[in-house]
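S.K.: The following file, my_file28.csv, comprises CSV, C-alpha atoms and all ligand atoms:
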```csv
chain,number,residue,atom,x,y,z
A,1452,MET,CA,-38.7,-74.9,39.9
A,1453,ALA,CA,-40.0,-78.5,39.9
A,1454,GLN,CA,-43.1,-79.1,42.1
A,1455,VAL,CA,-42.5,-81.0,45.3
A,1456,THR,CA,-43.8,-84.6,44.9
A,1457,ARG,CA,-45.6,-86.4,47.7
A,1458,GLU,CA,-42.8,-89.0,47.8
A,1459,GLN,CA,-40.1,-86.4,48.0
A,1460,ARG,CA,-41.9,-84.6,50.9
A,1461,ASP,CA,-42.6,-87.8,52.8
A,1462,GLU,CA,-39.0,-88.9,52.6
A,1463,VAL,CA,-37.9,-85.5,53.9
A,1464,ILE,CA,-40.2,-85.7,56.9
A,1465,LYS,CA,-38.4,-88.9,57.9
A,1466,LYS,CA,-35.1,-87.0,58.0
A,1467,PHE,CA,-36.3,-84.7,60.9
A,1468,ARG,CA,-36.6,-86.5,64.2
A,1469,TYR,CA,-40.1,-85.3,65.0
A,1470,GLU,CA,-41.9,-86.7,68.1
A,1471,GLY,CA,-45.2,-88.5,67.8
A,1472,GLU,CA,-47.3,-89.9,65.0
A,1473,LEU,CA,-47.9,-87.8,61.9
A,1474,ILE,CA,-51.6,-87.2,61.5
A,1475,SER,CA,-51.7,-84.6,58.7
A,1476,VAL,CA,-49.6,-82.8,56.2
A,1477,GLY,CA,-50.7,-79.9,54.0
A,1478,THR,CA,-49.4,-76.9,52.1
A,1479,TYR,CA,-49.6,-73.7,54.1
A,1480,GLY,CA,-49.5,-69.9,53.9
A,1481,SER,CA,-49.4,-67.6,51.0
A,1482,GLY,CA,-45.7,-66.8,50.6
A,1483,HIS,CA,-44.4,-66.2,47.1
A,1484,ILE,CA,-41.0,-67.8,47.5
A,1485,ASN,CA,-40.7,-71.1,49.6
A,1486,ASP,CA,-42.9,-74.2,49.6
A,1487,THR,CA,-44.4,-74.3,53.1
A,1488,TYR,CA,-46.1,-77.3,54.8
A,1489,LEU,CA,-47.9,-77.6,58.1
A,1490,LEU,CA,-47.3,-81.0,59.8
A,1491,VAL,CA,-49.5,-82.1,62.7
A,1492,PHE,CA,-48.3,-84.8,65.1
A,1493,GLU,CA,-50.1,-86.6,67.9
A,1494,THR,CA,-47.8,-87.0,70.8
A,1495,ALA,CA,-48.2,-88.8,74.1
A,1496,LYS,CA,-46.8,-85.9,76.3
A,1497,MET,CA,-48.1,-82.8,74.6
A,1498,GLY,CA,-51.2,-83.9,72.6
A,1499,GLN,CA,-51.2,-82.4,69.1
A,1500,VAL,CA,-48.0,-80.6,68.0
A,1501,LYS,CA,-47.7,-78.6,64.8
A,1502,VAL,CA,-44.5,-77.8,63.0
A,1503,ILE,CA,-43.6,-75.9,59.8
A,1504,LEU,CA,-41.5,-77.6,57.1
A,1505,GLN,CA,-40.2,-75.6,54.2
A,1506,ARG,CA,-38.4,-76.3,50.9
A,1507,MET,CA,-36.2,-73.3,50.4
A,1508,ASN,CA,-36.4,-71.8,46.9
A,1509,ARG,CA,-33.1,-72.8,45.2
A,1510,ILE,CA,-33.5,-70.3,42.4
A,1511,VAL,CA,-33.9,-67.4,44.8
A,1512,PHE,CA,-31.5,-68.6,47.4
A,1513,GLU,CA,-28.3,-69.8,45.8
A,1514,ARG,CA,-26.5,-70.5,49.1
A,1515,PRO,CA,-28.9,-72.1,51.5
A,1516,VAL,CA,-26.2,-73.2,54.0
A,1517,GLU,CA,-25.1,-69.6,54.4
A,1518,LEU,CA,-28.7,-68.5,54.6
A,1519,MET,CA,-29.4,-71.0,57.5
A,1520,GLU,CA,-26.2,-69.7,59.2
A,1521,ASN,CA,-27.7,-66.3,59.2
A,1522,ILE,CA,-31.0,-67.6,60.5
A,1523,THR,CA,-29.5,-69.6,63.3
A,1524,GLY,CA,-27.3,-66.7,64.3
A,1525,VAL,CA,-30.1,-64.2,64.3
A,1526,THR,CA,-32.6,-66.4,66.1
A,1527,SER,CA,-30.1,-67.3,68.8
A,1528,HIS,CA,-29.4,-63.6,69.4
A,1529,LEU,CA,-33.1,-62.9,69.5
A,1530,ARG,CA,-33.8,-65.8,71.8
A,1531,LYS,CA,-31.2,-64.6,74.3
A,1532,LYS,CA,-32.7,-61.1,74.4
A,1533,ILE,CA,-36.3,-62.4,74.7
A,1534,ILE,CA,-35.3,-64.5,77.7
A,1535,GLU,CA,-33.5,-61.5,79.3
A,1536,ASN,CA,-36.7,-59.4,78.8
A,1537,GLY,CA,-38.8,-62.1,80.4
A,1538,GLY,CA,-40.6,-63.1,77.1
A,1539,ASP,CA,-41.5,-66.5,75.7
A,1540,PRO,CA,-38.7,-67.6,73.3
A,1541,ASP,CA,-40.8,-70.4,71.8
A,1542,ARG,CA,-43.4,-67.9,70.5
A,1543,GLU,CA,-41.5,-64.6,70.0
A,1544,THR,CA,-38.8,-65.8,67.6
A,1545,LEU,CA,-38.5,-68.6,65.0
A,1546,ASN,CA,-37.0,-71.8,66.4
A,1547,VAL,CA,-35.2,-74.0,64.0
A,1548,ILE,CA,-35.8,-77.7,64.4
A,1549,PRO,CA,-32.6,-79.5,63.4
A,1550,ALA,CA,-32.6,-82.4,61.0
A,1551,ALA,CA,-31.7,-85.9,62.4
A,1552,ASP,CA,-28.0,-85.3,61.7
A,1553,GLY,CA,-28.1,-82.1,63.8
A,1554,LYS,CA,-27.8,-79.7,60.9
A,1555,PRO,CA,-30.3,-76.8,60.7
A,1556,TYR,CA,-31.3,-78.0,57.2
A,1557,TYR,CA,-31.6,-81.2,55.2
A,1558,ARG,CA,-30.4,-81.6,51.6
A,1559,ASP,CA,-32.5,-84.2,49.8
A,1560,PRO,CA,-31.2,-86.5,47.0
A,1561,LEU,CA,-32.7,-84.0,44.4
A,1562,GLY,CA,-30.5,-81.3,45.8
A,1563,ASP,CA,-33.3,-79.3,47.4
A,1564,TYR,CA,-32.7,-77.8,50.9
A,1565,TRP,CA,-35.4,-78.1,53.6
A,1566,ARG,CA,-35.7,-76.7,57.0
A,1567,SER,CA,-38.2,-76.9,59.8
A,1568,TYR,CA,-39.5,-74.5,62.5
A,1569,LYS,CA,-41.6,-74.8,65.6
A,1570,PHE,CA,-45.1,-73.6,64.8
A,1571,ILE,CA,-46.0,-70.3,66.4
A,1572,THR,CA,-49.2,-71.2,68.3
A,1573,ASP,CA,-52.3,-69.0,68.8
A,1574,ALA,CA,-51.2,-66.4,66.3
A,1575,THR,CA,-52.2,-65.5,62.8
A,1576,SER,CA,-50.4,-64.0,59.8
A,1577,TYR,CA,-52.7,-61.7,57.8
A,1578,ASP,CA,-52.7,-61.1,54.0
A,1579,GLN,CA,-54.6,-57.9,54.5
A,1580,VAL,CA,-55.3,-55.6,57.4
A,1581,GLU,CA,-58.5,-56.8,59.1
A,1582,LYS,CA,-58.2,-54.5,62.2
A,1583,PRO,CA,-56.1,-51.3,62.0
A,1584,GLU,CA,-54.8,-52.0,65.5
A,1585,HIS,CA,-53.1,-55.2,64.1
A,1586,PHE,CA,-51.3,-53.0,61.6
A,1587,TYR,CA,-50.1,-50.6,64.3
A,1588,GLN,CA,-48.9,-53.5,66.4
A,1589,SER,CA,-47.0,-55.0,63.4
A,1590,ALA,CA,-45.3,-51.7,63.0
A,1591,VAL,CA,-44.2,-51.7,66.7
A,1592,ALA,CA,-43.0,-55.3,66.3
A,1593,PHE,CA,-41.0,-54.7,63.1
A,1594,GLY,CA,-39.4,-51.6,64.7
A,1595,HIS,CA,-38.6,-53.5,67.8
A,1596,PHE,CA,-37.1,-56.3,65.8
A,1597,GLN,CA,-34.7,-53.9,64.3
A,1598,ARG,CA,-33.9,-52.5,67.7
A,1599,LEU,CA,-33.2,-56.1,69.1
A,1600,LEU,CA,-30.7,-56.6,66.2
A,1601,ALA,CA,-29.0,-53.2,66.5
A,1602,ASP,CA,-26.0,-54.8,68.3
A,1603,TYR,CA,-25.9,-57.9,66.0
A,1604,PRO,CA,-22.5,-58.2,64.3
A,1605,ALA,CA,-23.6,-57.2,60.8
A,1606,GLU,CA,-20.3,-58.2,59.2
A,1607,THR,CA,-21.0,-61.9,60.0
A,1608,LEU,CA,-24.3,-61.8,58.0
A,1609,HIS,CA,-24.1,-63.3,54.5
A,1610,GLU,CA,-25.8,-61.3,51.7
A,1611,THR,CA,-28.4,-63.9,50.8
A,1612,ILE,CA,-29.6,-62.1,47.7
A,1613,LYS,CA,-27.1,-59.7,46.2
A,1614,GLY,CA,-28.4,-56.1,45.8
A,1615,PHE,CA,-31.8,-57.2,47.1
A,1616,HIS,CA,-33.1,-53.6,47.6
A,1617,ASP,CA,-30.7,-51.9,45.1
A,1618,THR,CA,-33.6,-50.3,43.2
A,1619,LYS,CA,-31.2,-48.6,40.8
A,1620,ALA,CA,-29.8,-52.0,39.8
A,1621,ARG,CA,-33.3,-53.5,39.6
A,1622,PHE,CA,-34.2,-50.7,37.1
A,1623,GLN,CA,-31.3,-51.7,34.9
A,1624,VAL,CA,-32.3,-55.4,35.1
A,1625,PHE,CA,-35.8,-54.4,34.1
A,1626,LYS,CA,-34.5,-52.5,31.0
A,1627,GLU,CA,-32.5,-55.5,29.9
A,1628,ALA,CA,-35.6,-57.7,30.3
A,1629,VAL,CA,-37.6,-55.3,28.1
A,1630,GLU,CA,-34.8,-55.4,25.5
A,1631,LYS,CA,-34.5,-59.2,25.5
A,1632,ASP,CA,-38.3,-59.7,25.7
A,1633,CYS,CA,-37.6,-63.5,25.9
A,1634,VAL,CA,-41.2,-64.6,26.0
A,1635,ASN,CA,-42.6,-61.9,23.7
A,1636,ARG,CA,-44.7,-60.0,26.3
A,1637,ALA,CA,-43.2,-56.5,26.1
A,1638,ALA,CA,-45.6,-55.3,23.3
A,1639,SER,CA,-48.6,-56.1,25.5
A,1640,VAL,CA,-47.4,-54.1,28.5
A,1641,LYS,CA,-46.2,-50.9,26.8
A,1642,ASP,CA,-48.0,-48.6,29.4
A,1643,GLU,CA,-46.5,-50.4,32.3
A,1644,ILE,CA,-43.0,-50.2,30.8
A,1645,GLN,CA,-43.5,-46.5,30.1
A,1646,PHE,CA,-44.6,-46.0,33.7
A,1647,VAL,CA,-41.3,-47.4,34.9
A,1648,LEU,CA,-39.1,-45.5,32.4
A,1649,GLU,CA,-40.7,-42.2,33.5
A,1650,ARG,CA,-39.5,-42.7,37.1
A,1651,GLU,CA,-35.8,-43.4,36.9
A,1652,GLU,CA,-35.1,-40.8,39.5
A,1653,THR,CA,-37.2,-42.7,42.0
A,1654,ALA,CA,-35.3,-45.8,41.3
A,1655,ASN,CA,-32.0,-44.0,41.9
A,1656,PHE,CA,-33.0,-42.0,44.9
A,1657,PHE,CA,-31.6,-44.1,47.8
A,1658,SER,CA,-28.4,-45.2,46.1
A,1659,GLY,CA,-27.6,-41.5,45.8
A,1660,LEU,CA,-28.2,-40.9,49.5
A,1661,LEU,CA,-26.2,-44.0,50.4
A,1662,SER,CA,-23.2,-43.1,48.3
A,1663,ARG,CA,-23.2,-39.7,50.1
A,1664,GLY,CA,-23.3,-41.5,53.5
A,1665,GLU,CA,-26.5,-39.8,54.4
A,1666,LEU,CA,-28.3,-42.9,55.8
A,1667,PRO,CA,-27.0,-45.5,58.2
A,1668,ILE,CA,-26.8,-49.1,57.3
A,1669,ARG,CA,-28.5,-51.3,59.9
A,1670,VAL,CA,-29.4,-54.9,60.3
A,1671,THR,CA,-32.9,-55.0,58.7
A,1672,HIS,CA,-35.5,-57.5,57.8
A,1673,ASN,CA,-36.0,-56.4,54.2
A,1674,ASP,CA,-39.3,-58.3,53.6
A,1675,THR,CA,-41.6,-56.6,56.1
A,1676,LYS,CA,-45.0,-57.5,54.7
A,1677,LEU,CA,-47.8,-58.0,57.0
A,1678,ASN,CA,-47.9,-61.8,56.4
A,1679,ASN,CA,-44.4,-62.0,57.7
A,1680,ILE,CA,-45.4,-61.2,61.2
A,1681,MET,CA,-47.5,-63.4,63.5
A,1682,ILE,CA,-50.2,-61.5,65.4
A,1683,ASP,CA,-51.2,-62.9,68.8
A,1684,ASN,CA,-54.8,-64.1,68.6
A,1685,LYS,CA,-55.5,-63.0,72.2
A,1686,THR,CA,-53.6,-59.8,72.7
A,1687,GLY,CA,-53.5,-58.6,69.1
A,1688,LYS,CA,-49.8,-57.8,69.5
A,1689,GLY,CA,-47.1,-58.6,66.8
A,1690,ILE,CA,-45.7,-61.5,68.6
A,1691,CYS,CA,-43.1,-62.8,66.2
A,1692,VAL,CA,-41.3,-61.6,63.1
A,1693,ILE,CA,-40.9,-64.5,60.6
A,1694,ASP,CA,-39.5,-65.1,57.1
A,1695,LEU,CA,-35.9,-64.2,58.1
A,1696,ASP,CA,-34.4,-65.2,54.7
A,1697,THR,CA,-33.5,-61.6,53.9
A,1698,VAL,CA,-32.2,-60.3,57.2
A,1699,MET,CA,-29.2,-58.4,56.0
A,1700,PRO,CA,-27.6,-55.0,56.4
A,1701,GLY,CA,-30.0,-52.5,54.8
A,1702,LEU,CA,-32.0,-49.4,55.2
A,1703,ALA,CA,-34.6,-48.7,57.9
A,1704,VAL,CA,-36.6,-46.7,55.3
A,1705,ASN,CA,-37.0,-49.8,53.2
A,1706,ASP,CA,-38.3,-51.9,56.1
A,1707,PHE,CA,-40.8,-49.1,56.7
A,1708,GLY,CA,-41.7,-48.7,53.0
A,1709,ASP,CA,-42.2,-52.4,52.3
A,1710,SER,CA,-44.8,-52.6,55.1
A,1711,ILE,CA,-46.6,-49.6,53.7
A,1712,ARG,CA,-46.7,-51.0,50.1
A,1713,PHE,CA,-48.4,-54.2,51.3
A,1714,GLY,CA,-50.3,-53.3,54.5
A,1715,ALA,CA,-51.5,-49.7,53.8
A,1716,SER,CA,-53.0,-50.7,50.5
A,1717,THR,CA,-56.8,-50.9,50.6
A,1718,ALA,CA,-56.8,-54.0,48.5
A,1719,ALA,CA,-54.9,-57.3,48.0
A,1720,GLU,CA,-51.5,-57.2,46.3
A,1721,ASP,CA,-53.1,-59.1,43.3
A,1722,GLU,CA,-56.4,-57.2,43.1
A,1723,THR,CA,-57.5,-56.9,39.5
A,1724,ASP,CA,-60.0,-54.1,40.0
A,1725,LEU,CA,-57.6,-51.2,40.4
A,1726,SER,CA,-60.3,-48.8,41.5
A,1727,LYS,CA,-60.1,-50.6,44.8
A,1728,VAL,CA,-56.4,-50.1,45.2
A,1729,LEU,CA,-55.4,-47.0,47.2
A,1730,CYS,CA,-52.8,-46.1,49.8
A,1731,SER,CA,-54.7,-45.5,53.0
A,1732,MET,CA,-53.4,-42.4,54.8
A,1733,GLU,CA,-55.1,-43.7,58.0
A,1734,LEU,CA,-53.1,-46.9,57.8
A,1735,PHE,CA,-49.9,-45.0,56.7
A,1736,GLU,CA,-50.2,-42.8,59.8
A,1737,LEU,CA,-50.8,-45.7,62.2
A,1738,TYR,CA,-47.9,-47.6,60.8
A,1739,ALA,CA,-45.5,-44.6,60.9
A,1740,LYS,CA,-46.4,-44.0,64.5
A,1741,GLY,CA,-45.9,-47.6,65.5
A,1742,PHE,CA,-42.6,-48.0,63.6
A,1743,ILE,CA,-41.0,-44.9,65.0
A,1744,LYS,CA,-42.1,-46.0,68.4
A,1745,GLY,CA,-40.8,-49.5,67.9
A,1746,CYS,CA,-37.4,-48.3,66.8
A,1747,GLY,CA,-37.2,-46.7,70.2
A,1748,GLY,CA,-35.6,-43.4,69.3
A,1749,LYS,CA,-32.9,-44.9,67.2
A,1750,LEU,CA,-33.9,-43.4,63.8
A,1751,THR,CA,-32.0,-40.4,62.6
A,1752,ASP,CA,-33.8,-37.2,61.4
A,1753,LYS,CA,-32.9,-38.2,57.8
A,1754,GLU,CA,-34.3,-41.7,58.2
A,1755,ILE,CA,-37.6,-40.2,59.4
A,1756,GLU,CA,-37.7,-37.5,56.8
A,1757,PHE,CA,-37.3,-40.1,54.0
A,1758,MET,CA,-40.0,-42.5,55.2
A,1759,PRO,CA,-42.5,-41.4,52.5
A,1760,MET,CA,-39.8,-41.9,49.9
A,1761,GLY,CA,-39.1,-45.4,51.4
A,1762,ALA,CA,-42.8,-46.2,50.9
A,1763,LYS,CA,-42.8,-45.0,47.3
A,1764,ALA,CA,-39.4,-46.5,46.4
A,1765,MET,CA,-40.2,-49.9,47.8
A,1766,THR,CA,-43.6,-50.0,46.1
A,1767,PHE,CA,-42.1,-48.9,42.8
A,1768,GLU,CA,-39.3,-51.5,43.2
A,1769,CYS,CA,-41.7,-54.3,43.9
A,1770,GLY,CA,-43.8,-53.3,40.9
A,1771,ILE,CA,-40.6,-53.4,38.7
A,1772,ARG,CA,-39.7,-56.8,40.1
A,1773,PHE,CA,-43.2,-58.2,39.3
A,1774,LEU,CA,-43.1,-56.7,35.8
A,1775,THR,CA,-39.5,-58.0,35.2
A,1776,ASP,CA,-40.6,-61.5,36.2
A,1777,TYR,CA,-43.6,-61.3,33.9
A,1778,LEU,CA,-41.3,-60.3,31.1
A,1779,GLN,CA,-38.9,-63.1,31.9
A,1780,GLY,CA,-41.6,-65.8,31.9
A,1781,ASP,CA,-42.6,-65.9,35.7
A,1782,THR,CA,-39.5,-67.7,37.0
A,1783,TYR,CA,-39.1,-65.9,40.4
A,1784,PHE,CA,-42.4,-65.3,42.1
A,1785,LYS,CA,-44.8,-68.2,42.5
A,1786,ILE,CA,-47.9,-67.6,40.3
A,1787,HIS,CA,-51.4,-69.1,40.8
A,1788,ARG,CA,-53.0,-67.8,37.6
A,1789,GLU,CA,-52.2,-66.5,34.2
A,1790,ASN,CA,-50.9,-62.9,34.3
A,1791,HIS,CA,-50.6,-63.0,38.0
A,1792,ASN,CA,-47.3,-61.1,38.1
A,1793,LEU,CA,-48.8,-58.5,35.7
A,1794,ASP,CA,-51.8,-58.1,38.0
A,1795,ARG,CA,-49.4,-57.7,41.0
A,1796,CYS,CA,-47.3,-55.1,39.1
A,1797,ARG,CA,-50.4,-53.1,38.3
A,1798,THR,CA,-51.5,-52.8,41.9
A,1799,GLN,CA,-48.0,-51.6,42.8
A,1800,PHE,CA,-48.0,-48.9,40.1
A,1801,LYS,CA,-51.5,-47.8,41.1
A,1802,LEU,CA,-50.2,-47.4,44.7
A,1803,VAL,CA,-47.2,-45.4,43.5
A,1804,GLU,CA,-49.5,-43.1,41.6
A,1805,ASP,CA,-51.7,-42.7,44.6
A,1806,MET,CA,-48.7,-41.9,46.8
A,1807,GLU,CA,-47.6,-39.3,44.3
A,1808,HIS,CA,-51.1,-37.6,44.7
A,1809,LYS,CA,-50.9,-37.9,48.5
A,1810,TRP,CA,-47.2,-36.9,48.8
A,1811,TYR,CA,-47.7,-33.8,50.9
A,1812,THR,CA,-50.1,-35.6,53.3
A,1813,MET,CA,-47.6,-38.3,53.8
A,1814,LYS,CA,-44.9,-35.7,54.5
A,1815,GLU,CA,-47.1,-33.9,57.0
A,1816,ILE,CA,-47.9,-37.2,58.8
A,1817,ILE,CA,-44.3,-38.0,59.2
A,1818,GLU,CA,-43.4,-34.5,60.4
A,1819,LYS,CA,-46.1,-34.9,63.1
A,1820,TYR,CA,-44.5,-38.0,64.5
A,1821,SER,CA,-40.9,-37.0,64.1
A,1822,SER,CA,-40.8,-35.7,67.6
A,1823,LEU,CA,-41.6,-39.2,69.0
A,1824,THR,CA,-37.9,-40.1,68.7
B,1901,LIG,P1,-42.2,-67.3,52.0
B,1901,LIG,O1,-40.8,-66.8,52.0
B,1901,LIG,O2,-42.6,-68.2,51.0
B,1901,LIG,O3,-43.1,-66.1,52.2
B,1901,LIG,P2,-42.6,-67.7,54.9
B,1901,LIG,O4,-41.4,-68.1,55.7
B,1901,LIG,O5,-43.0,-66.3,55.0
B,1901,LIG,O6,-42.3,-68.1,53.4
B,1901,LIG,O7,-43.8,-68.7,55.3
B,1901,LIG,C1,-45.0,-68.7,54.6
B,1901,LIG,C2,-46.2,-68.6,55.5
B,1901,LIG,O8,-46.1,-69.7,56.5
B,1901,LIG,C3,-46.1,-67.4,56.5
B,1901,LIG,O9,-46.7,-66.2,55.9
B,1901,LIG,C4,-46.9,-67.9,57.7
B,1901,LIG,O10,-48.3,-67.8,57.4
B,1901,LIG,C5,-46.6,-69.3,57.7
B,1901,LIG,N1,-45.5,-69.6,58.7
B,1901,LIG,C6,-44.1,-69.6,58.4
B,1901,LIG,N2,-43.4,-69.9,59.5
B,1901,LIG,C7,-44.3,-70.1,60.5
B,1901,LIG,C8,-44.2,-70.5,61.9
B,1901,LIG,N3,-43.0,-70.8,62.5
B,1901,LIG,N4,-45.4,-70.6,62.6
B,1901,LIG,C9,-46.6,-70.4,62.1
B,1901,LIG,N5,-46.7,-70.1,60.8
B,1901,LIG,C10,-45.6,-69.9,60.0
B,1902,LIG,C1,-41.7,-62.1,48.4
B,1902,LIG,O1,-41.3,-64.4,50.6
B,1902,LIG,P1,-42.5,-63.4,50.6
B,1902,LIG,O2,-43.7,-63.9,49.9
B,1902,LIG,O3,-42.7,-63.0,52.0
B,1902,LIG,C2,-40.4,-61.4,48.2
B,1902,LIG,C3,-40.4,-60.0,48.6
B,1902,LIG,C4,-41.5,-59.3,47.9
B,1902,LIG,C5,-42.8,-60.0,48.2
B,1902,LIG,C6,-44.0,-59.4,47.4
B,1902,LIG,C7,-37.2,-63.2,49.0
B,1902,LIG,O4,-42.0,-62.1,49.8
B,1902,LIG,O5,-39.2,-59.3,48.4
B,1902,LIG,O6,-41.6,-57.9,48.4
B,1902,LIG,O7,-42.7,-61.4,47.8
B,1902,LIG,N1,-39.3,-62.1,48.9
B,1902,LIG,C8,-38.1,-62.5,48.2
B,1902,LIG,O8,-45.2,-59.8,47.9
B,1902,LIG,O9,-37.9,-62.1,47.1
B,1903,MG,MG,-43.2,-64.7,53.7
```
Represent the structure from my file as structure tokens, please.
Ligand code: ADP
Ligand code: GN1
Ligand code: MG
M.R.:
Amino acid sequence: MAQVTREQRDEVIKKFRYEGELISVGTYGSGHINDTYLLVFETAKMGQVKVILQRMNRIVFERPVELMENITGVTSHLRKKIIENGGDPDRETLNVIPAADGKPYYRDPLGDYWRSYKFITDATSYDQVEKPEHFYQSAVAFGHFQRLLADYPAETLHETIKGFHDTKARFQVFKEAVEKDCVNRAASVKDEIQFVLEREETANFFSGLLSRGELPIRVTHNDTKLNNIMIDNKTGKGICVIDLDTVMPGLAVNDFGDSIRFGASTAAEDETDLSKVLCSMELFELYAKGFIKGCGGKLTDKEIEFMPMGAKAMTFECGIRFLTDYLQGDTYFKIHRENHNLDRCRTQFKLVEDMEHKWYTMKEIIEKYSSLT
């Protein structure tokens, strides 16, 4: 995708009716998909006010208008519930700032779609667990998020990315990428390719269960990494779930698993020293406890039983996606250095291996908390 130019960004800012005088603009956050900016305004009434402005990734999200329809629907629903529960709707859910024409997005002359959100104040999104308690609180919040959306009319949600967590289909796309080898990288990643091919049954696991109707489809977040939740700076609680682009019908085990793959790792997602990358059983246990609690007794026995598999499958899937992108020439995930997607894929496979070694410990931990429901 073409880089955003300063002129393009400045023209877009004028299309949102922000109050006050713009005093700074800068890129923000460490998401892999959208281009995120923090804008700071000086206002007469409220002093400095921050807002988030994002260019939505048009390669990843082919139908941005439908995507924003999902987000306005989901955030209105959450807002209502937060008010009913006596919470603060300006901090506990995303709030879309409409463009000057009233639409929840702005399409610029280059065809890029932009959106803006109120900035969640006095909260932080973490790229790695700094305090275990934060991770626990993020689990409660992601579980609670799912609970708040339990009565959302799922049939009105658009599927923003087809087959997003269809690991079986992702495995096939990977095999095609290996065959095509369009940027001649396959020969240099033989071990990684072999690692994937040896684990086809992991890729197929949940589609098998789903086709037998053994797991319920729920409205899920589908991208539950730790930096997609804002942790309140004062209370340490998971105050707001953000990055709602992939809220769609899905599996609770995947929401659980994606959090584990990112947050229970002892190293960053792109760590190059693989000896540092392990799946921490302490963090796994904390998250499992928090998530089961946050879901408030709604998880079925099967959903709980398959939580370790959710962790392994999501980590494996993410590794496959990074490797596929590497083989296709890095067109999906933003990269910041050479071989970035390869480094990311290696951490995921190291985690999968480590989970395989710790399989019975993971199962025992889940059994211990299954009575929480
Ligand atoms: P991506 O899809 O690229 O991950 P996100 O929507 O997650 O994009 O935004 C990237 C980062 O920007 C987040 O991880 C978070 O740090 C920050 N961010 C996004 N929305 C807000 C918000 N409303 N308030 C404060 N920070 C935000
Ligand atoms: C992307 O958008 P972000 O950075 O929160 C990706 C997730 C991956 C994750 C890997 C829409 O998440 O699916 O698990 O990177 N989001 C999309 O870090 O593809
Ligand atoms: Mg994000």
S.K.: Within 12 Å of (-25.5, -54.9, 68.8) (file coordinates; all atoms listed in the file), which protein or nucleic acid residues are there? I'd like them as number ranges by chain.
M.R.: A: 1525, 1528-1529, 1532, 1597-1606, 1669-1670
S.K.: Counting only C-alpha atoms and all ligand atoms, which residues in chain A sit no more than 6 Å from ligand LIG 1901 (chain B)? For each one, give the nearest pair of atoms and the distance in Å, sorted by chain then residue number, as a tab-separated table.
M.R.:
```
residue	atom	partner	partner_atom	distance
A:Tyr1479	CA	B:LIG1901	O8	5.8
A:Gly1480	CA	B:LIG1901	C2	3.9
A:Ser1481	CA	B:LIG1901	C2	5.6
A:Gly1482	CA	B:LIG1901	O3	3.1
A:His1483	CA	B:LIG1901	O2	4.7
A:Ile1484	CA	B:LIG1901	O2	3.9
A:Asn1485	CA	B:LIG1901	O2	3.7
A:Thr1487	CA	B:LIG1901	C1	5.8
A:Ile1503	CA	B:LIG1901	N3	5.8
A:Leu1545	CA	B:LIG1901	N3	5.6
A:Tyr1568	CA	B:LIG1901	N3	5.1
A:Lys1569	CA	B:LIG1901	N3	5.3
A:Phe1570	CA	B:LIG1901	N4	3.7
A:Ile1571	CA	B:LIG1901	N4	3.9
A:Ser1576	CA	B:LIG1901	O10	5.0
A:Asn1678	CA	B:LIG1901	O9	4.6
A:Asn1679	CA	B:LIG1901	O9	5.1
A:Asp1694	CA	B:LIG1901	O4	3.8
```
S.K.: What does the distance from atom O7 of ligand LIG 1902 (chain B) to CA of Glu1789 (chain A) come to in Å, to one decimal?
M.R.: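 That distance, rounded to one decimal, is 17.4 Å.
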S.K.: Which value, in Å to one decimal, gives the distance between CA of Val1491 (chain A) and CA of Ser1475 (chain A)?
M.R.: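 Result for CA of Val1491 (chain A) versus CA of Ser1475 (chain A): 5.2 Å, one decimal.
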S.K.: Can you list, as a list in words, every protein, DNA or RNA residue that comes within 12 Å of Glu1807 (chain A) when you count all atoms listed in the file, leaving out same-chain residues fewer than 3 positions away?
M.R.: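 Returned residues: Arg1650, Thr1653, Leu1729, Cys1730, Pro1759, Met1760, Ala1762, Lys1763, Ala1764, Thr1766, Phe1767, Phe1800, Lys1801, Leu1802, Val1803, Glu1804, Trp1810, Tyr1811, Thr1812, Met1813 and Lys1814 of chain A.
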S.K.: Met1497 (chain A): which residues within 10 Å, counting all atoms listed in the file, same-chain residues fewer than 3 positions away excluded, as a PyMOL selection string?
M.R.: chain A and resi 1470-1471+1492-1494+1500
S.K.: Take the point (-35.9, -43.8, 37.4) in the file's coordinates, draw a sphere of radius 12 Å around it, and report as an MDAnalysis selection string every protein, DNA or RNA residue with an atom inside or on it, counting only C-alpha atoms.
M.R.: chainID A and resid 1618:1623 1625:1626 1644:1658 1764 1767:1768 1771
S.K.: Closest to Gly1741 (chain A) among A:Thr1798, A:Thr1686, A:Ser1710, A:Gln1779, using all atoms listed in the file?
M.R.: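 With all atoms listed in the file as the atom set, the closest residue is A:Ser1710.
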S.K.: So what do you get for CA of Ile1680 (chain A) versus CA of Asp1573 (chain A), distance-wise?
M.R.: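 Those two atoms sit 12.9 Å apart.
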S.K.: As a short mmCIF file (atom, residue, chain, number, x, y, z; two decimals) with C-alpha atoms, in the coordinates of the input, please: the residues near region 1756-1758 of chain A (cut-off 9 Å, all atoms listed in the file, same-chain neighbours under 2 positions excluded).
M.R.:
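The resulting around_8.cif:
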```cif
data_model
loop_
_atom_site.label_atom_id
_atom_site.label_comp_id
_atom_site.auth_asym_id
_atom_site.auth_seq_id
_atom_site.Cartn_x
_atom_site.Cartn_y
_atom_site.Cartn_z
CA ALA A 1703 -34.60 -48.70 57.90
CA VAL A 1704 -36.60 -46.70 55.30
CA ASN A 1705 -37.00 -49.80 53.20
CA PHE A 1707 -40.80 -49.10 56.70
CA GLY A 1708 -41.70 -48.70 53.00
CA ALA A 1739 -45.50 -44.60 60.90
CA THR A 1751 -32.00 -40.40 62.60
CA ASP A 1752 -33.80 -37.20 61.40
CA LYS A 1753 -32.90 -38.20 57.80
CA GLU A 1754 -34.30 -41.70 58.20
CA MET A 1760 -39.80 -41.90 49.90
CA GLY A 1761 -39.10 -45.40 51.40
CA ALA A 1762 -42.80 -46.20 50.90
CA LYS A 1763 -42.80 -45.00 47.30
CA MET A 1813 -47.60 -38.30 53.80
CA LYS A 1814 -44.90 -35.70 54.50
CA ILE A 1817 -44.30 -38.00 59.20
CA GLU A 1818 -43.40 -34.50 60.40
CA SER A 1821 -40.90 -37.00 64.10
#
```
